[in-house]
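For reference, coords_16.cif is printed below; it contains mmCIF, C-alpha atoms.
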```cif
data_structure
#
loop_
_atom_site.group_PDB
_atom_site.id
_atom_site.type_symbol
_atom_site.label_atom_id
_atom_site.label_comp_id
_atom_site.auth_asym_id
_atom_site.auth_seq_id
_atom_site.Cartn_x
_atom_site.Cartn_y
_atom_site.Cartn_z
ATOM 1 C CA MET A 1 109.901 84.725 129.799
ATOM 2 C CA SER A 2 112.618 86.551 127.892
ATOM 3 C CA HIS A 3 110.806 89.528 126.435
ATOM 4 C CA HIS A 4 113.022 92.556 126.343
ATOM 5 C CA ALA A 5 113.252 94.929 129.305
ATOM 6 C CA ARG A 6 112.620 97.940 127.050
ATOM 7 C CA LEU A 7 108.988 96.957 126.475
ATOM 8 C CA GLY A 8 107.822 99.237 129.294
ATOM 9 C CA ASP A 9 109.555 102.158 127.575
ATOM 10 C CA VAL A 10 108.013 101.147 124.240
ATOM 11 C CA ALA A 11 104.523 101.052 125.782
ATOM 12 C CA ALA A 12 104.941 104.498 127.344
ATOM 13 C CA GLY A 13 106.275 105.950 124.095
ATOM 14 C CA ALA A 14 103.459 104.395 122.100
ATOM 15 C CA ALA A 15 100.766 105.809 124.351
ATOM 16 C CA ALA A 16 102.363 109.268 124.108
ATOM 17 C CA ALA A 17 102.479 108.950 120.306
ATOM 18 C CA GLY A 18 98.806 107.997 120.105
ATOM 19 C CA ALA A 19 99.625 104.451 118.966
ATOM 20 C CA PRO A 20 98.573 102.196 121.820
ATOM 21 C CA PRO A 21 100.615 99.011 121.730
ATOM 22 C CA VAL A 22 99.381 95.546 122.530
ATOM 23 C CA ASP A 23 99.078 95.194 126.281
ATOM 24 C CA ASP A 24 101.519 93.061 128.241
ATOM 25 C CA ALA A 25 99.138 90.079 128.504
ATOM 26 C CA THR A 26 98.606 90.060 124.736
ATOM 27 C CA GLY A 27 102.320 90.489 124.083
ATOM 28 C CA ARG A 28 103.227 87.653 126.424
ATOM 29 C CA PHE A 29 100.587 85.465 124.759
ATOM 30 C CA LEU A 30 102.081 86.186 121.314
ATOM 31 C CA HIS A 31 105.578 85.437 122.613
ATOM 32 C CA VAL A 32 104.535 82.121 124.176
ATOM 33 C CA LEU A 33 102.497 81.168 121.096
ATOM 34 C CA ALA A 34 105.455 81.822 118.788
ATOM 35 C CA ARG A 35 107.687 79.693 121.009
ATOM 36 C CA ALA A 36 105.113 76.902 121.277
ATOM 37 C CA LEU A 37 104.806 76.806 117.488
ATOM 38 C CA GLY A 38 108.576 76.749 117.094
ATOM 39 C CA ALA A 39 107.980 79.696 114.766
ATOM 40 C CA ARG A 40 110.861 80.543 112.467
ATOM 41 C CA ARG A 41 108.947 82.824 110.074
ATOM 42 C CA ILE A 42 106.531 85.451 111.395
ATOM 43 C CA LEU A 43 104.590 88.121 109.522
ATOM 44 C CA GLU A 44 103.099 91.121 111.314
ATOM 45 C CA ILE A 45 100.673 93.590 109.762
ATOM 46 C CA GLY A 46 100.540 96.862 111.707
ATOM 47 C CA THR A 47 103.876 97.419 113.450
ATOM 48 C CA GLY A 48 102.904 100.524 115.386
ATOM 49 C CA ILE A 49 106.081 101.511 117.161
ATOM 50 C CA GLY A 50 107.179 97.955 117.734
ATOM 51 C CA ALA A 51 105.860 96.565 121.028
ATOM 52 C CA SER A 52 104.323 93.425 119.515
ATOM 53 C CA THR A 53 107.292 93.215 117.171
ATOM 54 C CA LEU A 54 109.628 92.863 120.156
ATOM 55 C CA TYR A 55 107.445 90.266 121.885
ATOM 56 C CA LEU A 56 107.414 88.213 118.679
ATOM 57 C CA ALA A 57 111.041 88.735 117.631
ATOM 58 C CA THR A 58 112.398 87.751 121.044
ATOM 59 C CA ALA A 59 110.627 84.390 120.631
ATOM 60 C CA LEU A 60 112.448 83.588 117.389
ATOM 61 C CA PRO A 61 115.512 81.364 117.138
ATOM 62 C CA GLY A 62 118.750 82.941 115.880
ATOM 63 C CA GLU A 63 117.993 81.993 112.269
ATOM 64 C CA GLY A 64 114.384 83.173 112.456
ATOM 65 C CA MET A 65 112.838 86.125 110.664
ATOM 66 C CA LEU A 66 110.000 88.534 111.239
ATOM 67 C CA ILE A 67 108.626 90.764 108.483
ATOM 68 C CA THR A 68 106.469 93.606 109.704
ATOM 69 C CA LEU A 69 104.528 96.152 107.657
ATOM 70 C CA GLU A 70 103.689 99.650 108.909
ATOM 71 C CA LYS A 71 102.132 102.434 106.838
ATOM 72 C CA ASP A 72 103.374 105.287 109.050
ATOM 73 C CA ARG A 73 107.052 106.048 108.340
ATOM 74 C CA PRO A 74 107.958 107.650 111.721
ATOM 75 C CA ARG A 75 106.384 104.757 113.626
ATOM 76 C CA ALA A 76 108.145 102.222 111.412
ATOM 77 C CA GLU A 77 111.488 103.957 111.908
ATOM 78 C CA ARG A 78 110.992 103.974 115.696
ATOM 79 C CA ALA A 79 110.115 100.271 115.579
ATOM 80 C CA ARG A 80 113.223 99.506 113.525
ATOM 81 C CA GLN A 81 115.413 101.405 116.006
ATOM 82 C CA ARG A 82 113.819 99.641 118.974
ATOM 83 C CA ALA A 83 114.435 96.238 117.378
ATOM 84 C CA ASP A 84 118.086 97.192 116.864
ATOM 85 C CA ASP A 85 118.365 98.468 120.441
ATOM 86 C CA ALA A 86 116.817 95.236 121.749
ATOM 87 C CA GLY A 87 119.374 93.129 119.881
ATOM 88 C CA VAL A 88 116.864 91.560 117.472
ATOM 89 C CA GLY A 89 117.311 93.955 114.559
ATOM 90 C CA ALA A 90 118.967 91.268 112.421
ATOM 91 C CA LEU A 91 115.800 89.160 112.689
ATOM 92 C CA VAL A 92 113.349 91.960 111.865
ATOM 93 C CA THR A 93 112.565 93.509 108.483
ATOM 94 C CA VAL A 94 110.358 96.601 108.738
ATOM 95 C CA MET A 95 108.560 97.463 105.500
ATOM 96 C CA ILE A 96 107.010 100.909 105.223
ATOM 97 C CA GLY A 97 103.778 101.322 103.282
ATOM 98 C CA GLU A 98 100.181 100.196 102.988
ATOM 99 C CA ALA A 99 99.938 96.464 103.582
ATOM 100 C CA GLY A 100 97.520 96.051 100.681
ATOM 101 C CA ARG A 101 100.108 97.442 98.271
ATOM 102 C CA TYR A 102 103.015 95.278 99.435
ATOM 103 C CA LEU A 103 101.531 92.055 100.744
ATOM 104 C CA HIS A 104 101.453 90.429 97.298
ATOM 105 C CA LYS A 105 105.260 90.820 97.145
ATOM 106 C CA ILE A 106 105.810 88.792 100.307
ATOM 107 C CA ALA A 107 106.404 85.072 99.922
ATOM 108 C CA GLY A 108 105.121 82.573 102.470
ATOM 109 C CA PRO A 109 104.618 80.324 104.098
ATOM 110 C CA PHE A 110 104.693 81.752 107.620
ATOM 111 C CA ASP A 111 104.341 79.837 110.851
ATOM 112 C CA LEU A 112 102.554 82.764 112.499
ATOM 113 C CA VAL A 113 100.806 85.826 111.099
ATOM 114 C CA PHE A 114 99.730 88.612 113.470
ATOM 115 C CA GLU A 115 97.281 91.105 111.968
ATOM 116 C CA ASP A 116 96.931 94.310 113.980
ATOM 117 C CA ALA A 117 95.985 96.821 111.305
ATOM 118 C CA GLY A 118 92.309 97.205 112.208
ATOM 119 C CA PRO A 119 89.119 95.496 111.074
ATOM 120 C CA GLU A 120 88.746 97.230 107.700
ATOM 121 C CA VAL A 121 92.310 96.483 106.641
ATOM 122 C CA GLY A 122 92.136 92.978 108.077
ATOM 123 C CA ALA A 123 88.961 92.152 106.175
ATOM 124 C CA ALA A 124 90.468 93.384 102.909
ATOM 125 C CA LEU A 125 93.635 91.335 103.424
ATOM 126 C CA HIS A 126 92.086 88.226 104.965
ATOM 127 C CA ASP A 127 92.350 85.903 101.948
ATOM 128 C CA ARG A 128 95.973 86.848 101.284
ATOM 129 C CA LEU A 129 96.918 86.417 104.950
ATOM 130 C CA VAL A 130 95.333 82.957 105.080
ATOM 131 C CA ALA A 131 97.226 82.029 101.914
ATOM 132 C CA LEU A 132 100.513 83.075 103.565
ATOM 133 C CA VAL A 133 100.007 80.867 106.649
ATOM 134 C CA ARG A 134 101.386 77.342 106.371
ATOM 135 C CA PRO A 135 98.988 74.428 106.977
ATOM 136 C CA GLY A 136 98.916 73.986 110.749
ATOM 137 C CA GLY A 137 100.185 77.548 111.168
ATOM 138 C CA VAL A 138 98.405 80.285 113.082
ATOM 139 C CA LEU A 139 96.728 83.568 112.156
ATOM 140 C CA VAL A 140 96.107 85.906 115.097
ATOM 141 C CA THR A 141 93.829 88.876 114.524
ATOM 142 C CA HIS A 142 93.817 91.692 117.086
ATOM 143 C CA GLY A 143 90.560 93.510 117.775
ATOM 144 C CA ALA A 144 86.982 92.969 116.787
ATOM 145 C CA GLY A 145 85.705 92.201 113.336
ATOM 146 C CA SER A 146 87.667 89.094 112.434
ATOM 147 C CA HIS A 147 86.292 87.040 109.526
ATOM 148 C CA ALA A 148 88.201 83.937 110.646
ATOM 149 C CA SER A 149 85.244 82.241 112.318
ATOM 150 C CA ASP A 150 83.387 82.240 108.977
ATOM 151 C CA ASP A 151 86.317 80.805 107.023
ATOM 152 C CA GLY A 152 86.236 77.049 106.418
ATOM 153 C CA ARG A 153 90.004 77.013 105.876
ATOM 154 C CA LEU A 154 90.517 77.883 109.544
ATOM 155 C CA VAL A 155 89.604 76.622 112.993
ATOM 156 C CA ALA A 156 89.101 79.752 115.111
ATOM 157 C CA ALA A 157 88.565 80.766 118.716
ATOM 158 C CA HIS A 158 88.045 84.223 120.189
ATOM 159 C CA LEU A 159 90.131 85.174 123.231
ATOM 160 C CA PRO A 160 89.367 88.032 125.656
ATOM 161 C CA LEU A 161 92.901 89.465 125.721
ATOM 162 C CA GLY A 162 93.562 93.146 125.128
ATOM 163 C CA GLY A 163 90.991 94.423 122.649
ATOM 164 C CA GLY A 164 90.156 90.814 121.845
ATOM 165 C CA LEU A 165 92.064 88.306 119.755
ATOM 166 C CA THR A 166 90.951 85.722 117.253
ATOM 167 C CA LEU A 167 93.277 82.741 117.156
ATOM 168 C CA SER A 168 92.952 80.665 113.991
ATOM 169 C CA VAL A 169 94.769 77.511 112.932
ATOM 170 C CA LYS A 170 94.934 76.818 109.209
ATOM 171 C CA ARG A 171 93.552 73.424 108.299
ATOM 172 C CA PRO A 172 95.869 71.027 106.416
#
```
Kindly present the structure from the file in structure tokens form.
Amino acid sequence: MSHHARLGDVAAGAAAAGAPPVDDATGRFLHVLARALGARRILEIGTGIGASTLYLATALPGEGMLITLEKDRPRAERARQRADDAGVGALVTVMIGEAGRYLHKIAGPFDLVFEDAGPEVGAALHDRLVALVRPGGVLVTHGAGSHASDDGRLVAAHLPLGGGLTLSVKRP
């Protein structure tokens, strides 16, 4: 596994900042999933300070891209700096602001969408996120409260990693 050695430092910094990152098992799962999909385009909602961003970005090929949205400017700036420090800054675009205000400006399709903004935000953005995933692509929702299992456009399974993940594949 080639996730970046700075992830331990990111996790410690996140906990100190009150922004708990995805745990290592969840991060490794996201990394392996992105590689298994051959993901070239990834969208992340809820950057935090960049732990999941690094797990995902280090799975991308050299021509890949990851767009991540974070509402908190200091967290987003730390995430951007960490991506640069990890050598994946050219693959990562950090957008600062409320996802609901900017998501309509983002063009899909994406191979993988990781939503880690919380259940209220996720529920409000669900339809747009599904629309941005390519057929056969994957939507991963972190935490409880996913609406994916009720959505006929998706095939979903709940996984007991971290705070819980819902893994959904978009039907063709």
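Closest approach to Pro135 in chain A among A:Gly122, A:Gly100, A:Gly164, A:Pro172 is made by A:Pro172 (distances from only C-alpha atoms).
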Distance cut-off 12 Å, centre (101.1, 90.6, 128.1) in file coordinates, counting all atoms listed in the file: which residues qualify? Return them as a PDB file with C-alpha atoms, in the coordinates of the input.
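Once written, out-v1.pdb looks like this:
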```
ATOM      1  CA  MET A   1     109.901  84.725 129.799  1.00  0.00           C
ATOM      2  CA  HIS A   3     110.806  89.528 126.435  1.00  0.00           C
ATOM      3  CA  LEU A   7     108.988  96.957 126.475  1.00  0.00           C
ATOM      4  CA  GLY A   8     107.822  99.237 129.294  1.00  0.00           C
ATOM      5  CA  ALA A  11     104.523 101.052 125.782  1.00  0.00           C
ATOM      6  CA  PRO A  21     100.615  99.011 121.730  1.00  0.00           C
ATOM      7  CA  VAL A  22      99.381  95.546 122.530  1.00  0.00           C
ATOM      8  CA  ASP A  23      99.078  95.194 126.281  1.00  0.00           C
ATOM      9  CA  ASP A  24     101.519  93.061 128.241  1.00  0.00           C
ATOM     10  CA  ALA A  25      99.138  90.079 128.504  1.00  0.00           C
ATOM     11  CA  THR A  26      98.606  90.060 124.736  1.00  0.00           C
ATOM     12  CA  GLY A  27     102.320  90.489 124.083  1.00  0.00           C
ATOM     13  CA  ARG A  28     103.227  87.653 126.424  1.00  0.00           C
ATOM     14  CA  PHE A  29     100.587  85.465 124.759  1.00  0.00           C
ATOM     15  CA  LEU A  30     102.081  86.186 121.314  1.00  0.00           C
ATOM     16  CA  HIS A  31     105.578  85.437 122.613  1.00  0.00           C
ATOM     17  CA  VAL A  32     104.535  82.121 124.176  1.00  0.00           C
ATOM     18  CA  LEU A  33     102.497  81.168 121.096  1.00  0.00           C
ATOM     19  CA  ALA A  51     105.860  96.565 121.028  1.00  0.00           C
ATOM     20  CA  SER A  52     104.323  93.425 119.515  1.00  0.00           C
ATOM     21  CA  LEU A  54     109.628  92.863 120.156  1.00  0.00           C
ATOM     22  CA  TYR A  55     107.445  90.266 121.885  1.00  0.00           C
ATOM     23  CA  LEU A  56     107.414  88.213 118.679  1.00  0.00           C
ATOM     24  CA  LEU A 161      92.901  89.465 125.721  1.00  0.00           C
ATOM     25  CA  GLY A 162      93.562  93.146 125.128  1.00  0.00           C
TER      26      GLY A 162
END
```
Considering all atoms listed in the file, return as a PDB file with C-alpha atoms, in the coordinates of the input whatever protein or nucleic-acid residues lie within 12 Å of Asp151 in chain A, sequence-local ones (same chain, fewer than 3 positions apart) excluded.
```pdb
ATOM      1  CA  ALA A 123      88.961  92.152 106.175  1.00  0.00           C
ATOM      2  CA  HIS A 126      92.086  88.226 104.965  1.00  0.00           C
ATOM      3  CA  ASP A 127      92.350  85.903 101.948  1.00  0.00           C
ATOM      4  CA  VAL A 130      95.333  82.957 105.080  1.00  0.00           C
ATOM      5  CA  LEU A 139      96.728  83.568 112.156  1.00  0.00           C
ATOM      6  CA  SER A 146      87.667  89.094 112.434  1.00  0.00           C
ATOM      7  CA  HIS A 147      86.292  87.040 109.526  1.00  0.00           C
ATOM      8  CA  ALA A 148      88.201  83.937 110.646  1.00  0.00           C
ATOM      9  CA  LEU A 154      90.517  77.883 109.544  1.00  0.00           C
ATOM     10  CA  VAL A 155      89.604  76.622 112.993  1.00  0.00           C
ATOM     11  CA  ALA A 156      89.101  79.752 115.111  1.00  0.00           C
ATOM     12  CA  ALA A 157      88.565  80.766 118.716  1.00  0.00           C
ATOM     13  CA  SER A 168      92.952  80.665 113.991  1.00  0.00           C
ATOM     14  CA  VAL A 169      94.769  77.511 112.932  1.00  0.00           C
ATOM     15  CA  LYS A 170      94.934  76.818 109.209  1.00  0.00           C
ATOM     16  CA  ARG A 171      93.552  73.424 108.299  1.00  0.00           C
TER      17      ARG A 171
END
```
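Our summary of the geometry notes that CA of His142 in chain A is positioned 23.0 Å from CA of Lys105 in chain A.
The coordinates place CA of Ser149 in chain A at 19.3 Å from CA of Asp111 in chain A.
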